[in-house]
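> Below you will find the structure I want to go over with you.
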Amino acid sequence: MGTYLSTPKTDKQSDDGENERVRYGLSSMHGWRATMEASHAAVPDLDSTTSFYSLYDILIIGPHSDFAGPTSGCTTCVAIMRNDQLIVANAGDSRCVISRNCSLFC
């Protein structure tokens with residue numbers, strides 16, 4: 001089931017930003033796999049009223065990296081904020097956590 005390291009790489013890559021509408025933070029960690037398989041996009045100013053955020057986690061099982069067939073998969077979570085509307089979608093086992101004023105927002 002893919003190549004694993006004997007110990008996980010626990011260094012984190014973090015970023016944050018804000019504009020007049022939103023403040024965001026993100027972090028990623030390499031983990032147990034031999035290659036980093038996650039990526040993200042944070043575009044707080046897609047246009048004057050829209051922000052776009054996404055996480056992509058690609059799973060490759062086996063020696064090939066063509067992202068096709070039964071030995072690969074992907075999970076993603078996407079959030080689009082336009083004016084006062086928030087749209088969140090996910091595929092696979094990724095989830096989105098939303099907070100307001102540093103508290104979980106449900």
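Letters for chains follow the order of the structure tokens (A, B, ...), residue numbers begin at 1 for each chain, and ligand numbers begin at 1 in the order shown.
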Which residues in region 28-62 of chain A does DSSP call strand (DSSP E)? List them as a list of chain:residue names.

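Checking each residue of region 28-62 of chain A, the strand (DSSP E) ones are A:Ser28, A:Met29, A:His30, A:Gly31, A:Trp32, A:Arg33, A:Ala38, A:Ser39, A:His40, A:Ala41, A:Ala42, A:Val43, A:Pro44, A:Asp45, A:Leu46, A:Asp47, A:Thr50, A:Ser51, A:Phe52, A:Tyr53, A:Ser54, A:Leu55, A:Tyr56, A:Asp57, A:Ile58, A:Leu59, A:Ile60.
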
> Which polymer residues have any atom within 7 Å of an atom of Leu26 (chain A), counting only C-alpha atoms, with same-chain residues fewer than 6 positions away left out, as a ChimeraX atom specification?

/A:14-16

> Could you write those residues out with N, CA, C and O atoms, as a CSV table (one decimal), in the first residue's frame?


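again_2.csv, freshly written:
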chain,number,residue,atom,x,y,z
A,14,SER,N,3.1,26.0,7.3
A,14,SER,CA,1.9,26.8,7.6
A,14,SER,C,1.9,28.1,6.9
A,14,SER,O,3.0,28.7,6.6
A,15,ASP,N,0.8,28.6,6.7
A,15,ASP,CA,0.6,29.9,6.1
A,15,ASP,C,-0.7,30.5,6.6
A,15,ASP,O,-1.6,29.8,7.1
A,16,ASP,N,-0.8,31.8,6.6
A,16,ASP,CA,-2.1,32.5,6.9
A,16,ASP,C,-2.2,33.8,6.1
A,16,ASP,O,-1.2,34.2,5.5

> For Thr75 (chain A), please output as a list in words all residues within 8 Å (counting only C-alpha atoms; exclusion window: fewer than 3 positions along the same chain).

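Answer for this query is Tyr56, Asp57, Ile58, Asn90, Ala91, Gly92, Asp93 and Ser94 of chain A.
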
> Filtering to all heavy atoms, could you give me those residues as a PDB file, in the first residue's frame?


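Written file, part17.pdb:
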ATOM      1  N   TYR A  56      -6.178  19.391  -1.561  1.00  0.00           N
ATOM      2  CA  TYR A  56      -6.150  18.209  -2.411  1.00  0.00           C
ATOM      3  C   TYR A  56      -5.213  17.205  -1.777  1.00  0.00           C
ATOM      4  O   TYR A  56      -4.083  17.531  -1.447  1.00  0.00           O
ATOM      5  CB  TYR A  56      -5.639  18.550  -3.816  1.00  0.00           C
ATOM      6  CG  TYR A  56      -6.289  19.761  -4.410  1.00  0.00           C
ATOM      7  CD1 TYR A  56      -5.666  21.006  -4.355  1.00  0.00           C
ATOM      8  CD2 TYR A  56      -7.534  19.668  -5.012  1.00  0.00           C
ATOM      9  CE1 TYR A  56      -6.273  22.128  -4.896  1.00  0.00           C
ATOM     10  CE2 TYR A  56      -8.149  20.793  -5.551  1.00  0.00           C
ATOM     11  CZ  TYR A  56      -7.501  22.017  -5.484  1.00  0.00           C
ATOM     12  OH  TYR A  56      -8.108  23.121  -6.012  1.00  0.00           O
ATOM     13  N   ASP A  57      -5.658  15.981  -1.576  1.00  0.00           N
ATOM     14  CA  ASP A  57      -4.818  14.928  -1.035  1.00  0.00           C
ATOM     15  C   ASP A  57      -4.894  13.753  -1.999  1.00  0.00           C
ATOM     16  O   ASP A  57      -5.934  13.125  -2.141  1.00  0.00           O
ATOM     17  CB  ASP A  57      -5.292  14.518   0.362  1.00  0.00           C
ATOM     18  CG  ASP A  57      -4.305  13.602   1.056  1.00  0.00           C
ATOM     19  OD1 ASP A  57      -3.224  13.335   0.491  1.00  0.00           O
ATOM     20  OD2 ASP A  57      -4.615  13.152   2.159  1.00  0.00           O
ATOM     21  N   ILE A  58      -3.792  13.487  -2.662  1.00  0.00           N
ATOM     22  CA  ILE A  58      -3.748  12.463  -3.704  1.00  0.00           C
ATOM     23  C   ILE A  58      -3.078  11.225  -3.136  1.00  0.00           C
ATOM     24  O   ILE A  58      -1.990  11.298  -2.571  1.00  0.00           O
ATOM     25  CB  ILE A  58      -2.984  12.980  -4.939  1.00  0.00           C
ATOM     26  CG1 ILE A  58      -3.691  14.215  -5.490  1.00  0.00           C
ATOM     27  CG2 ILE A  58      -2.852  11.889  -5.986  1.00  0.00           C
ATOM     28  CD1 ILE A  58      -2.881  14.993  -6.482  1.00  0.00           C
ATOM     29  N   ASN A  90     -17.041  18.586  -0.598  1.00  0.00           N
ATOM     30  CA  ASN A  90     -15.941  17.660  -0.377  1.00  0.00           C
ATOM     31  C   ASN A  90     -16.163  16.383  -1.174  1.00  0.00           C
ATOM     32  O   ASN A  90     -17.286  16.055  -1.528  1.00  0.00           O
ATOM     33  CB  ASN A  90     -15.765  17.342   1.112  1.00  0.00           C
ATOM     34  CG  ASN A  90     -16.885  16.491   1.655  1.00  0.00           C
ATOM     35  OD1 ASN A  90     -18.031  16.915   1.662  1.00  0.00           O
ATOM     36  ND2 ASN A  90     -16.555  15.294   2.107  1.00  0.00           N
ATOM     37  N   ALA A  91     -15.066  15.707  -1.437  1.00  0.00           N
ATOM     38  CA  ALA A  91     -15.097  14.381  -2.058  1.00  0.00           C
ATOM     39  C   ALA A  91     -14.105  13.525  -1.282  1.00  0.00           C
ATOM     40  O   ALA A  91     -13.028  13.988  -0.921  1.00  0.00           O
ATOM     41  CB  ALA A  91     -14.706  14.461  -3.525  1.00  0.00           C
ATOM     42  N   GLY A  92     -14.482  12.307  -0.985  1.00  0.00           N
ATOM     43  CA  GLY A  92     -13.613  11.459  -0.184  1.00  0.00           C
ATOM     44  C   GLY A  92     -13.763  11.772   1.288  1.00  0.00           C
ATOM     45  O   GLY A  92     -14.819  12.201   1.743  1.00  0.00           O
ATOM     46  N   ASP A  93     -12.681  11.606   2.049  1.00  0.00           N
ATOM     47  CA  ASP A  93     -12.777  11.771   3.497  1.00  0.00           C
ATOM     48  C   ASP A  93     -12.255  13.103   4.014  1.00  0.00           C
ATOM     49  O   ASP A  93     -11.999  13.256   5.200  1.00  0.00           O
ATOM     50  CB  ASP A  93     -12.089  10.614   4.215  1.00  0.00           C
ATOM     51  CG  ASP A  93     -10.606  10.525   3.911  1.00  0.00           C
ATOM     52  OD1 ASP A  93     -10.090  11.380   3.183  1.00  0.00           O
ATOM     53  OD2 ASP A  93      -9.968   9.596   4.418  1.00  0.00           O
ATOM     54  N   SER A  94     -12.094  14.100   3.179  1.00  0.00           N
ATOM     55  CA  SER A  94     -11.715  15.444   3.629  1.00  0.00           C
ATOM     56  C   SER A  94     -12.916  16.152   4.207  1.00  0.00           C
ATOM     57  O   SER A  94     -14.040  15.996   3.728  1.00  0.00           O
ATOM     58  CB  SER A  94     -11.160  16.274   2.468  1.00  0.00           C
ATOM     59  OG  SER A  94      -9.918  15.787   2.071  1.00  0.00           O
TER      60      SER A  94
END

> Check the smallest atom-to-atom distance from each of A:Leu55, A:Val78, A:Leu5, A:Cys96 to Thr35 (chain A) using only C-alpha atoms, then report the winner.

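Using only C-alpha atoms, the shortest distance to Thr35 (chain A) belongs to A:Leu5.
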
> Write out as a ChimeraX atom specification the residues lying within 10 Å of Glu37 (chain A), counting only C-alpha atoms and excluding same-chain residues fewer than 4 positions away.

/A:29-31,33,56-60,74

> For His40 (chain A), which residue out of A:Ile87, A:Val97, A:Leu104, A:Ala79 is the nearest one, using only C-alpha atoms?

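The closest residue to His40 (chain A) is A:Ala79.
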